[in-house]
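Data block below; observations after.
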Amino acid sequence: MRLPRNLSGRDFIKSVCRKWGYREVHQIGSHIILQTEIPFPQRISVPNHKNRKVGTLNSLLKLVASQKGVSRDDVLKSLL
């Protein structure tokens with residue numbers, strides 16, 4: 001599945017928090033720190049930019065997928 005080129009940082013954060021159990025912990029500059037405790041603690045840093053590079057989005061998708069035990073495509077489908 002192709003990665004969206006126009007997914008903003010804020011849209012990614014809203015979807016991940018709502019559908020995958022993450023929550024915003026704090027913000028450092030333009031990066032927002034998300035945290036989850038299920039199935040084990042994890043923190044990820046998400047750049048809050050209008051558009052981000054495809055490699056950065058792919059990396060974030062892989063982090064969420066490995067934490068939740070699903071495929072990258074499952075996470076991507078939930079964001080769209």
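Chain labels run A, B, ... following the order of the structure tokens; each chain numbers its residues from 1, and ligands are numbered from 1 in the order shown.
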Write out, as JSON lines, each residue of region 2-38 of chain A that has an atom at most 8 Å from region 43-59 of chain A, together with the closest pair of atoms and their distance in Å to one decimal, counting only C-alpha atoms, rows going by chain and rising number.
```
{"residue": "A:Leu3", "atom": "CA", "partner": "A:Val54", "partner_atom": "CA", "distance": 6.8}
{"residue": "A:Pro4", "atom": "CA", "partner": "A:Val54", "partner_atom": "CA", "distance": 7.9}
{"residue": "A:Arg5", "atom": "CA", "partner": "A:Val54", "partner_atom": "CA", "distance": 6.9}
{"residue": "A:Asn6", "atom": "CA", "partner": "A:Asn51", "partner_atom": "CA", "distance": 5.6}
{"residue": "A:Leu7", "atom": "CA", "partner": "A:Asn51", "partner_atom": "CA", "distance": 6.2}
{"residue": "A:Ser8", "atom": "CA", "partner": "A:Lys50", "partner_atom": "CA", "distance": 4.4}
{"residue": "A:Gly9", "atom": "CA", "partner": "A:Asn48", "partner_atom": "CA", "distance": 4.3}
{"residue": "A:Arg10", "atom": "CA", "partner": "A:Asn48", "partner_atom": "CA", "distance": 5.9}
{"residue": "A:Ile13", "atom": "CA", "partner": "A:Val46", "partner_atom": "CA", "distance": 7.5}
{"residue": "A:Ser30", "atom": "CA", "partner": "A:Asn48", "partner_atom": "CA", "distance": 5.4}
{"residue": "A:His31", "atom": "CA", "partner": "A:Pro47", "partner_atom": "CA", "distance": 4.3}
{"residue": "A:Ile32", "atom": "CA", "partner": "A:Val46", "partner_atom": "CA", "distance": 5.2}
{"residue": "A:Ile33", "atom": "CA", "partner": "A:Ser45", "partner_atom": "CA", "distance": 4.6}
{"residue": "A:Leu34", "atom": "CA", "partner": "A:Ile44", "partner_atom": "CA", "distance": 5.3}
{"residue": "A:Gln35", "atom": "CA", "partner": "A:Arg43", "partner_atom": "CA", "distance": 4.4}
{"residue": "A:Thr36", "atom": "CA", "partner": "A:Arg43", "partner_atom": "CA", "distance": 6.7}
```
Kindly save the residues from that selection, with N, CA and C atoms included, as a PDB file, in the first residue's frame.
```
ATOM      1  N   LEU A   3       2.220   4.942   0.726  1.00  0.00           N
ATOM      2  CA  LEU A   3       2.155   5.834   1.874  1.00  0.00           C
ATOM      3  C   LEU A   3       1.593   7.187   1.445  1.00  0.00           C
ATOM      4  N   PRO A   4       0.707   7.774   2.238  1.00  0.00           N
ATOM      5  CA  PRO A   4       0.164   9.084   1.883  1.00  0.00           C
ATOM      6  C   PRO A   4       1.236  10.162   2.007  1.00  0.00           C
ATOM      7  N   ARG A   5       1.238  11.076   1.094  1.00  0.00           N
ATOM      8  CA  ARG A   5       2.240  12.140   1.086  1.00  0.00           C
ATOM      9  C   ARG A   5       1.760  13.398   1.815  1.00  0.00           C
ATOM     10  N   ASN A   6       0.483  13.458   2.133  1.00  0.00           N
ATOM     11  CA  ASN A   6      -0.066  14.681   2.722  1.00  0.00           C
ATOM     12  C   ASN A   6      -0.602  14.480   4.138  1.00  0.00           C
ATOM     13  N   LEU A   7      -0.186  13.436   4.822  1.00  0.00           N
ATOM     14  CA  LEU A   7      -0.643  13.165   6.188  1.00  0.00           C
ATOM     15  C   LEU A   7       0.177  14.026   7.151  1.00  0.00           C
ATOM     16  N   SER A   8      -0.484  14.935   7.837  1.00  0.00           N
ATOM     17  CA  SER A   8       0.237  15.828   8.754  1.00  0.00           C
ATOM     18  C   SER A   8       0.573  15.089  10.047  1.00  0.00           C
ATOM     19  N   GLY A   9       1.488  15.666  10.798  1.00  0.00           N
ATOM     20  CA  GLY A   9       1.868  15.090  12.082  1.00  0.00           C
ATOM     21  C   GLY A   9       0.691  15.025  13.039  1.00  0.00           C
ATOM     22  N   ARG A  10      -0.109  16.087  13.062  1.00  0.00           N
ATOM     23  CA  ARG A  10      -1.268  16.139  13.959  1.00  0.00           C
ATOM     24  C   ARG A  10      -2.295  15.080  13.582  1.00  0.00           C
ATOM     25  N   ILE A  13      -0.987  11.710  14.775  1.00  0.00           N
ATOM     26  CA  ILE A  13      -1.091  11.610  16.233  1.00  0.00           C
ATOM     27  C   ILE A  13      -2.526  11.323  16.665  1.00  0.00           C
ATOM     28  N   SER A  30       9.061  21.031  18.046  1.00  0.00           N
ATOM     29  CA  SER A  30       8.020  20.627  17.101  1.00  0.00           C
ATOM     30  C   SER A  30       7.744  19.120  17.164  1.00  0.00           C
ATOM     31  N   HIS A  31       8.328  18.412  18.130  1.00  0.00           N
ATOM     32  CA  HIS A  31       8.124  16.971  18.248  1.00  0.00           C
ATOM     33  C   HIS A  31       7.215  16.669  19.440  1.00  0.00           C
ATOM     34  N   ILE A  32       6.216  15.838  19.189  1.00  0.00           N
ATOM     35  CA  ILE A  32       5.277  15.435  20.228  1.00  0.00           C
ATOM     36  C   ILE A  32       5.619  14.001  20.639  1.00  0.00           C
ATOM     37  N   ILE A  33       5.718  13.778  21.937  1.00  0.00           N
ATOM     38  CA  ILE A  33       6.066  12.478  22.471  1.00  0.00           C
ATOM     39  C   ILE A  33       4.779  11.734  22.808  1.00  0.00           C
ATOM     40  N   LEU A  34       4.637  10.529  22.241  1.00  0.00           N
ATOM     41  CA  LEU A  34       3.490   9.669  22.506  1.00  0.00           C
ATOM     42  C   LEU A  34       3.954   8.483  23.336  1.00  0.00           C
ATOM     43  N   GLN A  35       3.063   7.969  24.175  1.00  0.00           N
ATOM     44  CA  GLN A  35       3.410   6.839  25.020  1.00  0.00           C
ATOM     45  C   GLN A  35       2.259   5.855  25.071  1.00  0.00           C
ATOM     46  N   THR A  36       2.611   4.576  25.178  1.00  0.00           N
ATOM     47  CA  THR A  36       1.634   3.523  25.398  1.00  0.00           C
ATOM     48  C   THR A  36       2.196   2.573  26.438  1.00  0.00           C
TER      49      THR A  36
END
```
Next item on the list: Run DSSP on the backbone and grab whatever in chain A lands in alpha helix (DSSP H); send it over as a PyMOL selection string.
Entry: chain A and resi 9-20+54-68+72-79
Next item on the list: Would you work out the distance separating CA of Ile38 (chain A) from CA of Met1 (chain A), expressed in Å to one decimal?
Entry: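 Atom-to-atom, CA of Ile38 (chain A) to CA of Met1 (chain A), that is 26.3 Å.
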Next item on the list: Find the residues near Val16 (chain A): any atom within 12 Å, counting only C-alpha atoms, skip ones fewer than 2 places away on the same chain, and give them as an MDAnalysis selection string.
Entry: chainID A and resid 9:14 18:24 34:36 44 46 60:61 63:65 68 74:80
Those same residues, written as a tab-separated table (two decimals), in the first residue's frame with C-alpha atoms?
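Saved result, part.tsv, follows:
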```tsv
chain	number	residue	atom	x	y	z
A	9	GLY	CA	1.87	15.09	12.08
A	10	ARG	CA	-1.27	16.14	13.96
A	11	ASP	CA	-3.47	13.80	11.85
A	12	PHE	CA	-1.09	10.90	12.49
A	13	ILE	CA	-1.09	11.61	16.23
A	14	LYS	CA	-4.90	11.81	16.45
A	18	ARG	CA	-7.62	7.07	19.06
A	19	LYS	CA	-7.10	3.66	17.44
A	20	TRP	CA	-3.91	2.22	18.94
A	21	GLY	CA	-3.96	3.31	22.60
A	22	TYR	CA	-1.23	5.94	22.59
A	23	ARG	CA	-1.48	9.20	24.49
A	24	GLU	CA	0.36	12.51	24.26
A	34	LEU	CA	3.49	9.67	22.51
A	35	GLN	CA	3.41	6.84	25.02
A	36	THR	CA	1.63	3.52	25.40
A	44	ILE	CA	7.77	7.52	20.20
A	46	VAL	CA	6.41	12.33	16.18
A	60	LEU	CA	6.68	5.47	12.68
A	61	LEU	CA	4.30	2.91	11.17
A	63	LEU	CA	7.28	1.21	15.43
A	64	VAL	CA	3.55	1.15	16.12
A	65	ALA	CA	3.10	-2.15	14.26
A	68	LYS	CA	1.01	-3.80	18.83
A	74	ASP	CA	-2.87	-2.69	9.27
A	75	VAL	CA	-1.68	0.47	11.00
A	76	LEU	CA	-1.62	2.37	7.71
A	77	LYS	CA	-5.20	1.32	6.87
A	78	SER	CA	-6.40	2.53	10.26
A	79	LEU	CA	-4.93	5.99	9.60
A	80	LEU	CA	-6.71	6.52	6.28
```
Residue list (strand (DSSP E or B), DSSP) for chain A, as a compact mmCIF listing (two decimals) with C-alpha atoms, in the first residue's frame:
```txt
# COMPACT_ATOMS: atom_id res chain seq x y z
CA ARG A 23 -1.48 9.20 24.49
CA GLU A 24 0.36 12.51 24.26
CA VAL A 25 2.88 12.87 27.08
CA HIS A 26 4.55 16.18 26.23
CA GLN A 27 6.04 18.27 23.46
CA ILE A 28 9.63 19.25 22.84
CA HIS A 31 8.12 16.97 18.25
CA ILE A 32 5.28 15.43 20.23
CA ILE A 33 6.07 12.48 22.47
CA LEU A 34 3.49 9.67 22.51
CA GLN A 35 3.41 6.84 25.02
CA THR A 36 1.63 3.52 25.40
CA GLN A 42 6.98 2.48 24.60
CA ARG A 43 7.56 6.13 23.70
CA ILE A 44 7.77 7.52 20.20
CA SER A 45 8.61 11.00 18.98
CA VAL A 46 6.41 12.33 16.18
CA PRO A 47 7.39 15.48 14.26
```
